[in-house]
Amino acid sequence: MLTALSFIFTLGLLVTIHEYGHYIVARWFNVKVLRFSVGFGKAIWQTKFGKDQTELTIAAIPLGGYVKMLDERELTQAEGAVKSKYSEADLSRSFNRLAVGKRMAIVLAGPIANLLLAILFYWILFSFGVVGLKPQLGEVAPATPAAMAGFSSGDTITKVNHASVNSWQEVRWALLSESTSDIPVRVEVTNIETGLKNYHLNVSAINQEDTKLDLLLQLGLNPQQPSVTPIIGELSPSGVASLAGIKSGDRILKANNEITDTWLDLVTIIRANPNQKVSLLVARGELERTIEVIPAAVEQGAQVVGKIGAGVYFPPEQKEQYYVTTHYSTFESLVKASKKTWETSIFSLKMMGNMLLGNVSWKMMSGPVTIANYAGQSANLGIKTFIGFLALMSISIGVINLLPIPVLDGGHFMYYMIEFLTGKPVSESAMMVGQKIGLTLIAGMMMLAFYNDINRFITG
């Protein structure tokens with residue numbers, strides 16, 4: 001239920017914002033808007049609003065939407081009865097009578113609205129402070145790019161290609177952004193024993209074919225594992241631990257009769273027993289009880305590991321040692337949010353380009369099933385995670401719609417750009433051919449996305 005509701009909310013919000021971008025700019029230019037539809041197909045709810053009595057529609061298929069504007073090109077001679085119901089005052093407000101620059105602004109307004117929404121979401125997240133794990137290295141896996149570059153346990157990553165990083169999240173994003181490059185990435189680290197050092201990390205070895213493999217683990221970069229008492233902190237409401245009766249504040253004394261002095265001891269046993277019964281001796285206050293759990297099997301890279309949906313409780317003093325909270329002013333948050341949106345947009349375009357060139361696997365393309373799954377997971381992890389997911393999805397919708405493919409906003413923009421440069425509109429026949437090509441491309445992309453979704457579902 002959470003997955004379904006999160007998915008519907010995500011698409012409903014992002015599609016509405018996208019179409020509102022088109023709508024509001026059309027209204028600024030005094031275009032008569034006939035219908036504002038969220039979704040395609042048969043209407044399941046409809047009303048009218050505004051001085052033009054625009055139809056507001058929620059349709060049955062929630063995979064998009066549209067804003068229908070009055071356009072004389074759609075009122076053919078065969079539709080004389082339809083055309084006759086519009087006065088000359090109405091026809092003067094037709095979309096086709098606008099100057100080409102204004103038409104370009106209207107088609108760009110939808111994607112821009114999505115990008116502005118992403119900036120707003122990131123601005124909210126940065127304003128409230130970003131909590132992250134400090135980028136301190138634990139054991140460096142042998143025979144990995146990090147080991148070959150010279151990284152060692154105890155290094156703290158401070159810069160990636162001259163850009164400062166404060167957390168593992170920032171390190172991951174910085175390296176992911178460089179993952180399609182053949183040039184080694186310059187990484188600056190500090191170490192209590194050896195001081196400041198620079199390494200050159202080869203990121204071209206990343207396996208783009210398997211989307212399940214963790215980027216940092218492939219490179220051999222592992223966070224330093226703190227020695228923390230195995231006390232349960234946050235619990236996933238639908239996780240194995242919560243459903244078994246484990247509560248926040250419980251201390252795990254033993255797992256399968258093995259003493260668990262640290263959280264790592266507990267994690268090691270849980271990970272080693274996917275779909276296998278694990279007996280936990282739990283201390284709650286002064287009482288001790290045995291609770292049996294069956295860790296869920298989760299694919300992690302080439303391994304299948306057990307997870308129970310439980311996080312560790314970090315004492316405040318240890319949180320300061322291993323975690324960092326970065327706060328930004330209102331203006332700094334806005335600048336950072338804009339930069340994040342820009343970088344993510346450019347990265348998305350790079351990945352699409354590399355897919356076309358065959359440098360990145362088409363398996364990375366996702367459809368509605370995967371999106372719904374991530375919507376549910378992010379909502380389950382809390383409001384901040386869900387807001388971050390919404391920002392990322394809003395960027396994806398904005399970027400995809402800017403592609404110069406007929407039927408998408410970018411395709412219409414391409415037509416109007418040709419008209420602007422040549423001084424005459426693209427012919428109806430050329431637009432019809434473009435429409436067929438665009439629909440074929442979109443249909444092919446949707447089929448591939450659905451195939452990837454089904455394949456992920458079958459293989460877990």
# chains A, B, ... in the order shown; residues from 1 in each chain; ligands from 1

call {"tool": "residues_around", "arguments": {"residues": "Ser87 in chain A", "least_positions_apart": "6", "cutoff": "12 Å", "atoms": "only C-alpha atoms", "output": "PDB file with all heavy atoms, in the first residue's frame"}}
result
ATOM      1  N   LYS A  32      -5.747  30.697 -24.881  1.00  0.00           N
ATOM      2  CA  LYS A  32      -6.935  30.046 -24.332  1.00  0.00           C
ATOM      3  C   LYS A  32      -6.619  28.568 -24.091  1.00  0.00           C
ATOM      4  O   LYS A  32      -6.317  27.820 -25.035  1.00  0.00           O
ATOM      5  CB  LYS A  32      -8.119  30.178 -25.292  1.00  0.00           C
ATOM      6  CG  LYS A  32      -9.439  29.643 -24.722  1.00  0.00           C
ATOM      7  CD  LYS A  32     -10.578  29.873 -25.702  1.00  0.00           C
ATOM      8  CE  LYS A  32     -11.885  29.329 -25.162  1.00  0.00           C
ATOM      9  NZ  LYS A  32     -12.357  30.058 -23.957  1.00  0.00           N
ATOM     10  N   LEU A  70      -6.043  26.099 -27.347  1.00  0.00           N
ATOM     11  CA  LEU A  70      -6.754  26.373 -28.592  1.00  0.00           C
ATOM     12  C   LEU A  70      -5.720  26.577 -29.703  1.00  0.00           C
ATOM     13  O   LEU A  70      -4.805  27.380 -29.576  1.00  0.00           O
ATOM     14  CB  LEU A  70      -7.626  27.622 -28.436  1.00  0.00           C
ATOM     15  CG  LEU A  70      -8.446  28.034 -29.668  1.00  0.00           C
ATOM     16  CD1 LEU A  70      -9.420  26.930 -30.063  1.00  0.00           C
ATOM     17  CD2 LEU A  70      -9.204  29.330 -29.381  1.00  0.00           C
ATOM     18  N   GLU A  72      -5.711  26.736 -34.022  1.00  0.00           N
ATOM     19  CA  GLU A  72      -6.506  26.725 -35.260  1.00  0.00           C
ATOM     20  C   GLU A  72      -6.099  25.604 -36.208  1.00  0.00           C
ATOM     21  O   GLU A  72      -6.905  25.157 -37.021  1.00  0.00           O
ATOM     22  CB  GLU A  72      -6.377  28.072 -35.969  1.00  0.00           C
ATOM     23  CG  GLU A  72      -7.092  29.201 -35.261  1.00  0.00           C
ATOM     24  CD  GLU A  72      -6.846  30.534 -35.931  1.00  0.00           C
ATOM     25  OE1 GLU A  72      -5.685  30.991 -35.918  1.00  0.00           O
ATOM     26  OE2 GLU A  72      -7.815  31.101 -36.461  1.00  0.00           O
ATOM     27  N   ARG A  93      -6.662  34.249 -29.637  1.00  0.00           N
ATOM     28  CA  ARG A  93      -5.847  33.756 -28.507  1.00  0.00           C
ATOM     29  C   ARG A  93      -5.323  32.341 -28.778  1.00  0.00           C
ATOM     30  O   ARG A  93      -4.903  31.641 -27.862  1.00  0.00           O
ATOM     31  CB  ARG A  93      -6.669  33.771 -27.224  1.00  0.00           C
ATOM     32  CG  ARG A  93      -7.143  35.159 -26.799  1.00  0.00           C
ATOM     33  CD  ARG A  93      -8.149  35.075 -25.663  1.00  0.00           C
ATOM     34  NE  ARG A  93      -7.565  34.402 -24.515  1.00  0.00           N
ATOM     35  CZ  ARG A  93      -8.301  33.802 -23.569  1.00  0.00           C
ATOM     36  NH1 ARG A  93      -9.624  33.790 -23.656  1.00  0.00           N
ATOM     37  NH2 ARG A  93      -7.707  33.220 -22.555  1.00  0.00           N
ATOM     38  N   SER A  94      -5.346  31.910 -30.040  1.00  0.00           N
ATOM     39  CA  SER A  94      -4.859  30.574 -30.393  1.00  0.00           C
ATOM     40  C   SER A  94      -3.346  30.475 -30.218  1.00  0.00           C
ATOM     41  O   SER A  94      -2.613  31.451 -30.453  1.00  0.00           O
ATOM     42  CB  SER A  94      -5.220  30.241 -31.839  1.00  0.00           C
ATOM     43  OG  SER A  94      -6.617  30.168 -32.006  1.00  0.00           O
TER      44      SER A  94
END

call {"tool": "select_by_dssp", "arguments": {"residues": "range 282-438 of chain A", "states": "strand (DSSP E)", "output": "MDAnalysis selection string"}}
result
chainID A and resid 282:284 287:293 296:300 303:307 310:312 323:326

call {"tool": "closest_atom_pairs", "arguments": {"of": "range 179-297 of chain A", "to": "range 156-163 of chain A", "cutoff": "10 Å", "atoms": "only C-alpha atoms", "output": "JSON lines"}}
result
{"residue": "A:Pro184", "atom": "CA", "partner": "A:Asn161", "partner_atom": "CA", "distance": 9.6}
{"residue": "A:Val185", "atom": "CA", "partner": "A:Asn161", "partner_atom": "CA", "distance": 6.2}
{"residue": "A:Arg186", "atom": "CA", "partner": "A:Asn161", "partner_atom": "CA", "distance": 4.9}
{"residue": "A:Val187", "atom": "CA", "partner": "A:Val160", "partner_atom": "CA", "distance": 4.6}
{"residue": "A:Glu188", "atom": "CA", "partner": "A:Lys159", "partner_atom": "CA", "distance": 4.9}
{"residue": "A:Val189", "atom": "CA", "partner": "A:Ile157", "partner_atom": "CA", "distance": 4.3}
{"residue": "A:Thr190", "atom": "CA", "partner": "A:Thr156", "partner_atom": "CA", "distance": 5.2}
{"residue": "A:Asn191", "atom": "CA", "partner": "A:Thr156", "partner_atom": "CA", "distance": 6.3}
{"residue": "A:Ile192", "atom": "CA", "partner": "A:Thr156", "partner_atom": "CA", "distance": 9.1}
{"residue": "A:Leu196", "atom": "CA", "partner": "A:Thr156", "partner_atom": "CA", "distance": 9.5}
{"residue": "A:Lys197", "atom": "CA", "partner": "A:Ile157", "partner_atom": "CA", "distance": 9.7}
{"residue": "A:Asn198", "atom": "CA", "partner": "A:Lys159", "partner_atom": "CA", "distance": 9.2}
{"residue": "A:Tyr199", "atom": "CA", "partner": "A:Val160", "partner_atom": "CA", "distance": 9.8}
{"residue": "A:His200", "atom": "CA", "partner": "A:Asn161", "partner_atom": "CA", "distance": 9.5}
{"residue": "A:Leu201", "atom": "CA", "partner": "A:Val160", "partner_atom": "CA", "distance": 9.8}
{"residue": "A:Pro223", "atom": "CA", "partner": "A:Thr156", "partner_atom": "CA", "distance": 9.7}
{"residue": "A:Gln224", "atom": "CA", "partner": "A:Thr156", "partner_atom": "CA", "distance": 9.6}

call {"tool": "closest_residue", "arguments": {"among": "A:Trp342, A:Phe29, A:Tyr328, A:Phe389", "to": "Leu116 in chain A", "atoms": "only C-alpha atoms"}}
result
A:Trp342

call {"tool": "residues_around", "arguments": {"residues": "Gly65 in chain A", "least_positions_apart": "3", "cutoff": "8 Å", "atoms": "only C-alpha atoms", "output": "list in words"}}
result
Val15, Thr16, Glu19, Phe36, Ser37, Val38, Gly39, Phe40 and Pro62 of chain A
